[in-house]
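File shown here: work.txt, holding compact mmCIF, C-alpha atoms.
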```
# COMPACT_ATOMS: atom_id res chain seq x y z
CA ALA T 1 34.87 21.96 81.77
CA ILE T 2 33.17 22.96 78.52
CA LEU T 3 33.37 19.41 77.18
CA ILE T 4 32.04 17.99 80.46
CA GLY T 5 29.26 20.57 80.42
CA LEU T 6 28.13 19.19 77.06
CA VAL T 7 27.16 15.86 78.67
CA PRO T 8 23.84 17.02 80.24
CA LEU T 9 23.13 19.11 77.16
CA SER T 10 23.67 16.07 74.91
CA LYS T 11 21.42 14.02 77.16
CA LYS T 12 18.69 16.66 76.90
CA VAL T 13 19.02 16.81 73.10
CA ALA T 14 18.86 13.00 72.79
CA TYR T 15 15.75 12.88 74.99
CA GLU T 16 14.08 15.57 72.90
CA ILE T 17 14.86 13.71 69.67
CA VAL T 18 13.42 10.48 71.10
CA LYS T 19 10.26 12.27 72.22
CA ILE T 20 9.73 13.93 68.84
CA ARG T 21 10.49 10.73 66.92
CA ARG T 22 7.99 8.77 69.03
CA LYS T 23 5.26 11.21 68.02
CA ARG T 24 6.39 11.18 64.39
CA VAL T 25 6.35 7.39 64.18
CA ALA T 26 2.80 7.31 65.58
CA VAL T 27 1.64 9.79 62.92
CA ALA T 28 3.48 7.84 60.20
CA ASP T 29 1.77 4.63 61.33
CA GLU T 30 -1.58 6.41 61.12
CA ARG T 31 -0.83 7.61 57.57
CA ILE T 32 0.29 4.15 56.45
CA GLU T 33 -2.82 2.62 58.00
CA ILE T 34 -5.03 4.98 55.99
CA VAL T 35 -3.21 4.19 52.75
CA THR T 36 -3.34 0.44 53.47
CA ALA T 37 -7.08 0.58 54.15
CA MET T 38 -7.61 2.43 50.89
CA LEU T 39 -5.55 -0.07 48.87
CA GLN T 40 -7.16 -3.11 50.47
CA GLY T 41 -10.60 -1.72 49.69
CA ILE T 42 -9.65 -0.09 46.39
CA LYS T 43 -12.76 -1.46 44.68
CA VAL T 44 -15.07 0.12 47.26
CA THR T 45 -12.99 3.30 47.16
CA LYS T 46 -13.40 3.68 43.39
CA LEU T 47 -17.06 2.68 43.24
CA ASN T 48 -18.06 5.14 45.97
CA ASN T 49 -15.75 7.94 44.82
CA TYR T 50 -13.87 8.04 48.13
CA GLU T 51 -10.59 9.17 46.55
CA ASP T 52 -10.93 12.79 47.69
CA LYS T 53 -11.75 11.78 51.26
CA PHE T 54 -8.77 9.46 51.48
CA GLU T 55 -6.56 12.06 49.85
CA SER T 56 -7.55 14.70 52.41
CA ARG T 57 -6.97 12.29 55.31
CA VAL T 58 -3.56 11.28 53.99
CA ALA T 59 -2.61 14.92 53.33
CA GLU T 60 -3.67 15.95 56.85
CA ALA T 61 -1.65 13.12 58.42
CA ARG T 62 1.32 13.94 56.20
CA HIS T 63 1.10 17.61 57.20
CA ARG T 64 1.32 16.67 60.88
CA GLU T 65 4.15 14.28 60.10
CA MET T 66 6.13 16.94 58.22
CA LYS T 67 5.63 19.37 61.11
CA LEU T 68 7.24 16.88 63.46
CA ILE T 69 9.99 16.11 60.94
CA ARG T 70 10.87 19.81 60.71
CA LYS T 71 10.95 20.02 64.49
CA GLU T 72 13.16 16.96 64.66
CA GLN T 73 15.51 18.36 62.03
CA SER T 74 15.71 21.62 63.96
CA VAL T 75 16.94 19.77 67.03
CA TRP T 76 19.32 17.82 64.80
CA GLY T 77 20.60 21.13 63.42
CA LEU T 78 21.29 22.26 66.98
CA THR T 79 23.55 19.24 67.45
CA LEU T 80 25.43 20.22 64.27
CA VAL T 81 25.95 23.74 65.61
CA ILE T 82 27.24 22.32 68.87
CA ARG T 83 29.51 19.96 66.99
CA VAL T 84 31.08 22.78 64.94
CA PHE T 85 31.44 25.42 67.64
CA THR T 86 32.46 23.25 70.59
CA PRO T 87 36.14 22.82 69.55
CA VAL T 88 36.41 26.54 68.78
CA VAL T 89 34.86 27.64 72.09
CA ALA T 90 36.91 25.08 74.01
CA SER T 91 40.13 26.31 72.37
CA PHE T 92 39.32 29.96 73.08
CA ALA T 93 38.39 29.23 76.70
CA THR T 94 41.57 27.19 77.21
CA PHE T 95 43.87 29.87 75.79
CA ALA T 96 42.10 32.63 77.73
CA THR T 97 42.20 30.69 80.98
CA TYR T 98 45.87 29.85 80.51
CA VAL T 99 46.80 33.52 80.07
CA LEU T 100 44.53 34.97 82.74
CA VAL T 101 45.38 32.53 85.51
CA SER T 102 48.91 33.80 85.89
CA GLU T 103 51.03 36.59 84.43
CA ASP T 104 53.87 34.09 84.05
CA ASN T 105 51.86 32.09 81.51
CA ILE T 106 52.93 33.27 78.10
CA MET T 107 51.51 31.96 74.84
CA THR T 108 54.54 30.51 73.15
CA ALA T 109 54.60 28.56 69.92
CA SER T 110 55.19 25.29 71.76
CA VAL T 111 52.16 25.84 74.00
CA VAL T 112 49.88 26.95 71.16
CA PHE T 113 50.81 24.11 68.82
CA THR T 114 50.59 21.53 71.61
CA LEU T 115 47.09 22.66 72.54
CA ALA T 116 46.11 22.89 68.89
CA MET T 117 47.23 19.30 68.35
CA LEU T 118 45.33 18.20 71.44
CA PHE T 119 42.09 19.82 70.29
CA ASN T 120 42.63 18.43 66.81
CA MET T 121 42.74 14.97 68.35
CA LEU T 122 39.50 15.72 70.23
CA LYS T 123 37.83 17.11 67.12
CA PHE T 124 36.89 13.76 65.60
CA PRO T 125 35.03 12.28 68.64
CA ILE T 126 33.33 15.61 69.22
CA ASN T 127 32.23 15.80 65.58
CA GLN T 128 30.85 12.26 65.79
CA ALA T 129 28.94 13.05 68.97
CA GLY T 130 26.08 14.66 67.04
CA GLN T 131 25.65 11.64 64.78
CA LEU T 132 25.93 9.37 67.80
CA LEU T 133 23.07 11.23 69.48
CA SER T 134 20.82 10.78 66.46
CA LYS T 135 21.69 7.10 66.06
CA ALA T 136 21.23 6.50 69.78
CA ALA T 137 17.81 8.17 69.71
CA LEU T 138 16.81 6.05 66.72
CA GLY T 139 18.05 2.90 68.44
CA ILE T 140 16.19 3.70 71.65
CA GLN T 141 12.94 4.32 69.77
CA ALA T 142 13.32 1.11 67.73
CA SER T 143 14.12 -0.88 70.89
CA GLN T 144 11.00 0.45 72.58
CA ARG T 145 8.79 -0.56 69.64
CA ILE T 146 10.36 -4.03 69.48
CA SER T 147 10.05 -4.43 73.26
CA GLN T 148 6.33 -3.70 73.09
CA PHE T 149 5.93 -6.56 70.62
CA ILE T 150 8.15 -9.00 72.53
CA ALA T 151 6.42 -8.18 75.83
CA ARG T 152 3.03 -9.27 74.50
CA GLU T 153 1.57 -12.33 76.15
CA THR T 154 2.20 -15.74 74.63
CA ASN T 155 0.28 -18.94 75.10
CA ASP T 156 2.87 -21.72 75.12
CA LYS T 157 0.47 -24.42 76.27
CA LEU T 158 -3.19 -23.58 76.04
CA HIS T 159 -4.60 -26.94 77.03
CA ASN T 160 -3.54 -30.51 77.65
CA ARG T 161 -3.04 -32.40 74.40
CA SER T 162 -2.59 -36.14 74.21
CA LYS T 163 -3.05 -38.94 71.72
CA VAL T 164 -6.39 -40.67 71.59
CA GLY T 165 -6.36 -44.31 72.58
CA ASP T 166 -9.04 -45.57 70.19
CA ASP T 167 -7.95 -45.86 66.54
CA ASN T 168 -11.51 -45.19 65.40
CA VAL T 169 -11.65 -41.83 67.20
CA VAL T 170 -9.84 -38.85 65.63
CA LEU T 171 -10.91 -36.12 68.06
CA GLU T 172 -11.96 -36.26 71.69
CA VAL T 173 -12.58 -33.31 74.01
CA THR T 174 -13.04 -33.76 77.76
CA ASN T 175 -14.02 -31.00 80.22
CA GLY T 176 -13.60 -28.43 77.48
CA THR T 177 -13.64 -24.82 78.72
CA PHE T 178 -12.42 -22.20 76.24
CA PHE T 179 -12.53 -18.49 76.90
CA VAL T 180 -11.66 -15.21 75.19
CA GLY T 181 -10.42 -12.30 77.28
CA ASN T 182 -8.42 -11.90 80.48
CA GLU T 183 -8.69 -14.64 83.04
CA LEU T 184 -9.73 -13.18 86.41
CA ASP T 185 -10.18 -14.80 89.80
CA GLU T 186 -11.95 -18.12 89.69
CA ILE T 187 -15.31 -18.12 91.41
CA SER T 188 -16.14 -21.60 92.57
CA SER T 189 -18.70 -22.96 95.01
CA ASN T 190 -16.40 -25.86 95.88
CA ALA T 191 -12.83 -26.98 95.41
CA ASP T 192 -13.59 -28.91 92.26
CA GLU T 193 -11.90 -27.12 89.36
CA ASP T 194 -14.45 -28.44 86.89
CA ASN T 195 -17.05 -26.15 88.47
CA SER T 196 -14.88 -23.03 88.30
CA GLN T 197 -16.11 -20.04 86.34
CA TYR T 198 -14.29 -17.23 84.66
CA SER T 199 -15.62 -13.76 85.32
CA SER T 200 -14.06 -12.06 82.29
CA GLY T 201 -14.58 -12.33 78.56
CA PHE T 202 -16.60 -14.90 76.65
CA THR T 203 -16.57 -18.51 77.81
CA VAL T 204 -17.63 -21.78 76.20
CA SER T 205 -17.74 -24.52 78.80
CA GLY T 206 -19.04 -28.02 79.36
CA ILE T 207 -17.66 -29.35 76.07
CA ASN T 208 -17.46 -33.15 75.96
CA PHE T 209 -17.59 -34.98 72.65
CA ASN T 210 -15.67 -37.28 70.33
CA VAL T 211 -15.56 -37.62 66.56
CA ALA T 212 -15.11 -40.99 64.87
CA ARG T 213 -12.90 -41.50 61.84
CA GLY T 214 -14.74 -40.52 58.68
CA GLU T 215 -17.50 -38.80 60.62
CA VAL T 216 -18.65 -35.30 59.68
CA VAL T 217 -19.82 -33.08 62.56
CA ALA T 218 -21.43 -29.68 62.16
CA VAL T 219 -21.70 -27.26 65.08
CA ILE T 220 -24.90 -25.22 64.73
CA GLY T 221 -26.03 -22.37 66.93
CA ALA T 222 -27.19 -18.79 67.13
CA VAL T 223 -24.95 -15.78 66.61
CA ALA T 224 -22.36 -15.35 69.39
CA SER T 225 -23.12 -18.77 70.86
CA GLY T 226 -19.45 -19.83 70.73
CA LYS T 227 -19.09 -21.79 67.49
CA SER T 228 -15.95 -19.99 66.35
CA THR T 229 -14.54 -19.96 69.88
CA LEU T 230 -14.91 -23.74 70.00
CA LEU T 231 -12.98 -24.18 66.76
CA GLN T 232 -10.33 -21.72 67.88
CA GLY T 233 -10.06 -23.63 71.13
CA LEU T 234 -9.47 -26.88 69.25
CA LEU T 235 -6.74 -25.14 67.27
CA GLY T 236 -5.19 -23.66 70.41
CA ASP T 237 -5.79 -20.06 69.36
CA VAL T 238 -7.72 -19.17 72.54
CA GLN T 239 -7.11 -19.91 76.19
CA SER T 240 -8.56 -22.89 78.00
CA SER T 241 -8.87 -24.16 81.55
CA THR T 242 -6.27 -26.50 83.01
CA SER T 243 -8.82 -29.32 83.11
CA THR T 244 -9.42 -29.19 79.36
CA VAL T 245 -8.09 -32.25 77.53
CA VAL T 246 -7.99 -32.51 73.74
CA ARG T 247 -7.01 -35.86 72.25
CA THR T 248 -6.11 -36.43 68.60
CA PRO T 249 -4.32 -39.31 66.81
CA GLY T 250 -1.59 -36.88 65.70
CA ASP T 251 -0.63 -33.24 65.47
CA LYS T 252 -1.75 -32.71 61.88
CA ILE T 253 -4.84 -30.47 61.88
CA SER T 254 -5.98 -28.37 58.94
CA VAL T 255 -8.49 -25.53 58.97
CA ALA T 256 -10.58 -23.70 56.38
CA GLY T 257 -11.35 -20.36 57.99
CA GLN T 258 -14.43 -18.23 57.65
CA THR T 259 -12.31 -15.66 55.78
CA PRO T 260 -10.28 -17.64 53.21
CA PHE T 261 -6.56 -16.95 52.96
CA ILE T 262 -5.55 -16.70 49.30
CA LEU T 263 -1.99 -16.42 47.99
CA SER T 264 -1.05 -14.30 44.99
CA ASN T 265 -0.21 -17.43 43.01
CA THR T 266 -1.84 -20.03 40.82
CA VAL T 267 -4.94 -21.95 41.89
CA ARG T 268 -2.91 -25.16 42.08
CA GLU T 269 -0.29 -23.63 44.38
CA ASN T 270 -3.06 -22.27 46.62
CA ILE T 271 -4.40 -25.81 46.99
CA LEU T 272 -1.02 -27.53 47.39
CA PHE T 273 0.23 -24.86 49.80
CA GLY T 274 3.75 -26.26 49.74
CA SER T 275 2.75 -29.94 49.76
CA PRO T 276 4.10 -32.23 47.00
CA PHE T 277 1.85 -32.66 43.97
CA VAL T 278 0.14 -36.07 43.85
CA GLU T 279 -2.08 -36.12 40.78
CA GLU T 280 -4.51 -38.83 41.92
CA ARG T 281 -5.17 -37.19 45.28
CA TYR T 282 -5.30 -33.76 43.65
CA GLU T 283 -8.00 -34.84 41.18
CA ARG T 284 -10.06 -36.42 43.98
CA VAL T 285 -9.85 -33.21 45.99
CA LEU T 286 -11.05 -31.14 43.02
CA ASP T 287 -14.12 -33.35 42.64
CA ALA T 288 -14.82 -33.55 46.37
CA CYS T 289 -14.68 -29.74 46.76
CA CYS T 290 -16.73 -29.00 43.61
CA LEU T 291 -13.87 -27.07 41.99
CA ARG T 292 -14.06 -28.82 38.62
CA PRO T 293 -16.58 -26.35 37.06
CA ASP T 294 -14.52 -23.39 38.31
CA ILE T 295 -11.31 -24.78 36.83
CA GLN T 296 -13.01 -25.37 33.50
CA ALA T 297 -14.25 -21.76 33.50
CA TRP T 298 -10.84 -20.24 34.24
CA PRO T 299 -8.76 -19.43 31.14
CA ALA T 300 -5.67 -21.39 32.23
CA GLY T 301 -7.43 -23.95 34.40
CA ASP T 302 -5.79 -24.57 37.74
CA LEU T 303 -2.70 -22.71 36.49
CA THR T 304 -4.63 -19.44 36.41
CA GLU T 305 -2.88 -16.72 38.35
CA ILE T 306 -4.93 -15.35 41.23
CA GLY T 307 -4.67 -11.64 41.97
CA GLU T 308 -3.67 -10.23 45.33
CA ARG T 309 -5.97 -11.52 48.13
CA GLY T 310 -8.02 -13.31 45.50
CA VAL T 311 -9.51 -10.21 43.86
CA THR T 312 -10.12 -12.18 40.63
CA MET T 313 -12.19 -14.84 42.43
CA SER T 314 -15.71 -14.83 43.81
CA GLY T 315 -16.43 -15.45 47.47
CA GLY T 316 -17.59 -19.00 46.79
CA GLN T 317 -14.48 -19.79 44.75
CA LYS T 318 -12.24 -18.55 47.54
CA ALA T 319 -14.10 -20.73 50.04
CA ARG T 320 -13.86 -23.82 47.81
CA VAL T 321 -10.11 -23.30 47.29
CA SER T 322 -9.65 -22.90 51.05
CA VAL T 323 -11.56 -26.13 51.74
CA ALA T 324 -9.60 -27.93 49.01
CA ARG T 325 -6.34 -26.82 50.64
CA ALA T 326 -7.47 -28.20 54.00
CA VAL T 327 -8.54 -31.51 52.42
CA TYR T 328 -5.42 -31.93 50.27
CA ALA T 329 -3.20 -31.60 53.36
CA ASN T 330 -4.57 -35.04 54.36
CA PRO T 331 -4.87 -34.10 58.05
CA ASP T 332 -5.95 -36.18 61.00
CA VAL T 333 -8.68 -33.64 61.68
CA ALA T 334 -10.05 -30.98 59.31
CA LEU T 335 -11.89 -28.01 60.82
```
How would this structure read if it were set down as structure tokens?
Amino acid sequence: AILIGLVPLSKKVAYEIVKIRRKRVAVADERIEIVTAMLQGIKVTKLNNYEDKFESRVAEARHREMKLIRKEQSVWGLTLVIRVFTPVVASFATFATYVLVSEDNIMTASVVFTLAMLFNMLKFPINQAGQLLSKAALGIQASQRISQFIARETNDKLHNRSKVGDDNVVLEVTNGTFFVGNELDEISSNADEDNSQYSSGFTVSGINFNVARGEVVAVIGAVASGKSTLLQGLLGDVQSSTSTVVRTPGDKISVAGQTPFILSNTVRENILFGSPFVEERYERVLDACCLRPDIQAWPAGDLTEIGERGVTMSGGQKARVSVARAVYANPDVAL
């Protein structure tokens, strides 16, 4: 009865550990986020003497984290106490019950040693119960965090892609409607889907154009007019209507983003980005992207090591390396 009575108690302890650990993980994420922000902007932090402010924020988050850790360890200590005293209490209760139930029940050596052996056999699973509770709580919390990530929406097919029929055309968009945000009920004045509107988020619609091979097209507009949304729509990074059709001669598309992505590697490896080195094409790319003066200025040329996130490069140099990477990939379409 004592061992069975531990089941609801163990369930309560496991639930409490999960609840405390959920709060602790949230505080730990907050502390790590503060430290990450400081390290990513270490130059701004040093120039503006923000060290004390970051230190106080980290210390405050760590104080709250330690408070939860102590509370969690207290509950864990309770499981240890239960683990140690349960066999003793169960043995005492069994012996007492055996004697008090009937006057004919006499504690003989055979009875005592038999019960002692039985409880000794039960000692190991009971001792492991406390560790099992902690591991189960940790597993439940980890599963919940992973489930939140897996449950996020995915866009398997954002718009209809097909190959363009004309060899001279490398990109063709028909009935292009790209939108950012949740798609709500379609509001349409007729049954034609081309006239449907989306009442949520930001929408770029009525896109119809084609780009010939070798042609350079620049999209110009005011702030928040949808230039980036259009490019993201061509890449498939935002949602689109079912009537949107994007045609390209192949699936090879390269992009040089507004915020360049720089590897902690040499300049050459940032341009190659895993592609094989072809000297003739590489030299043409350097000239086309105006990187020759930069390479001559760097101490080791294109073998110069770039610091983390390109801290040793200027903004223009990062942009030129990013464009050179997109060009060297020899894509069907470069955005």
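Atom CA of T:Thr114 is positioned 14.3 Å from atom CA of T:Ala90.
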Quick one: residues within 12 Å of T:Gln73, only C-alpha atoms, excluding same-chain residues fewer than 4 positions away - as a ChimeraX atom specification? /T:13,16-17,20-21,24,66-69,77-80,134
Export, as a PDB file, keeping the file's coordinate frame, the selected residues with C-alpha atoms.
```pdb
ATOM      1  CA  VAL T  13      19.020  16.810  73.100  1.00  0.00           C
ATOM      2  CA  GLU T  16      14.080  15.570  72.900  1.00  0.00           C
ATOM      3  CA  ILE T  17      14.860  13.710  69.670  1.00  0.00           C
ATOM      4  CA  ILE T  20       9.730  13.930  68.840  1.00  0.00           C
ATOM      5  CA  ARG T  21      10.490  10.730  66.920  1.00  0.00           C
ATOM      6  CA  ARG T  24       6.390  11.180  64.390  1.00  0.00           C
ATOM      7  CA  MET T  66       6.130  16.940  58.220  1.00  0.00           C
ATOM      8  CA  LYS T  67       5.630  19.370  61.110  1.00  0.00           C
ATOM      9  CA  LEU T  68       7.240  16.880  63.460  1.00  0.00           C
ATOM     10  CA  ILE T  69       9.990  16.110  60.940  1.00  0.00           C
ATOM     11  CA  GLY T  77      20.600  21.130  63.420  1.00  0.00           C
ATOM     12  CA  LEU T  78      21.290  22.260  66.980  1.00  0.00           C
ATOM     13  CA  THR T  79      23.550  19.240  67.450  1.00  0.00           C
ATOM     14  CA  LEU T  80      25.430  20.220  64.270  1.00  0.00           C
ATOM     15  CA  SER T 134      20.820  10.780  66.460  1.00  0.00           C
TER      16      SER T 134
END
```
For T:Ser275, find every residue with an atom within 10 Å (counting only C-alpha atoms), except residues of its own chain fewer than 5 positions away, and show them as a PyMOL selection string. chain T and resi 269+325+328-329
Near T:Leu235, counting only C-alpha atoms, which residues have an atom at most 9 Å away, once you skip same-chain residues fewer than 3 positions from it, shown as a PyMOL selection string? chain T and resi 230-232+238+253-255+335
Any idea what the distance is between atom CA of T:Gly236 and atom CA of T:Phe273?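 Atom CA of T:Gly236 sits 21.3 Å away from atom CA of T:Phe273.
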Select, from T:Val58, T:Val112, T:Val101, T:Ile306, the residue with the minimum atom-to-atom distance to T:Val27, counting all atoms listed in the file. T:Val58
Using all atoms listed in the file: which of T:Lys71, T:Ala297, T:Ser205, T:Ala109 has the shortest distance to T:Ser240: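 Looking only at the distances to T:Ser240, the closest residue turns out to be T:Ser205.
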Using all atoms listed in the file: which of T:Phe178, T:Val219, T:Asn208, T:Leu132 has the shortest distance to T:Leu234: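 Using all atoms listed in the file, T:Leu234 sits closest to T:Phe178.
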So, with all atoms listed in the file as the atoms that count, which of T:Ile271, T:Ala142, T:Val333, T:Ile262 lies closest to T:Ser314?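 Looking at the shortest contact to T:Ser314, the residue is T:Ile262.
The shortest atom-to-atom distance to T:Val267, with all atoms listed in the file taken into account, belongs to T:Leu286 out of T:Ile140, T:Val211, T:Ile42, T:Leu286.
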Distance atom CA of T:Thr248-atom CA of T:Gly176, one decimal place? 14.1 Å
Coordinates of box centre and edge lengths for stretch 34-42 of chain T, 5 Å on every side, axis-aligned, as AutoDock Vina command-line options:
```
--center_x -6.9 --center_y 0.9 --center_z 51.2 --size_x 17.4 --size_y 18.1 --size_z 19.6
```
If we count only C-alpha atoms, what is near T:Leu303 at a cut-off of 7 Å, once residues fewer than 3 positions away on the same chain are taken out, given as a ChimeraX atom specification? /T:266-268,300
Put those residues in a file: C-alpha atoms, as a PDB file, in the coordinates of the input.
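This is the output file out_29.pdb:
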```
ATOM      1  CA  THR T 266      -1.840 -20.030  40.820  1.00  0.00           C
ATOM      2  CA  VAL T 267      -4.940 -21.950  41.890  1.00  0.00           C
ATOM      3  CA  ARG T 268      -2.910 -25.160  42.080  1.00  0.00           C
ATOM      4  CA  ALA T 300      -5.670 -21.390  32.230  1.00  0.00           C
TER       5      ALA T 300
END
```
Need to verify the contact set: T:Arg57, 10 Å, all atoms listed in the file, exclusion of same-chain residues closer than 3 positions in sequence. Can you return it as a ChimeraX atom specification? /T:30-31,34-35,51-54,60-63
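With all atoms listed in the file as the atoms that count, the residue of T:Met107, T:Pro293, T:Leu47, T:Arg22 with the shortest distance to T:Arg145 is T:Arg22.
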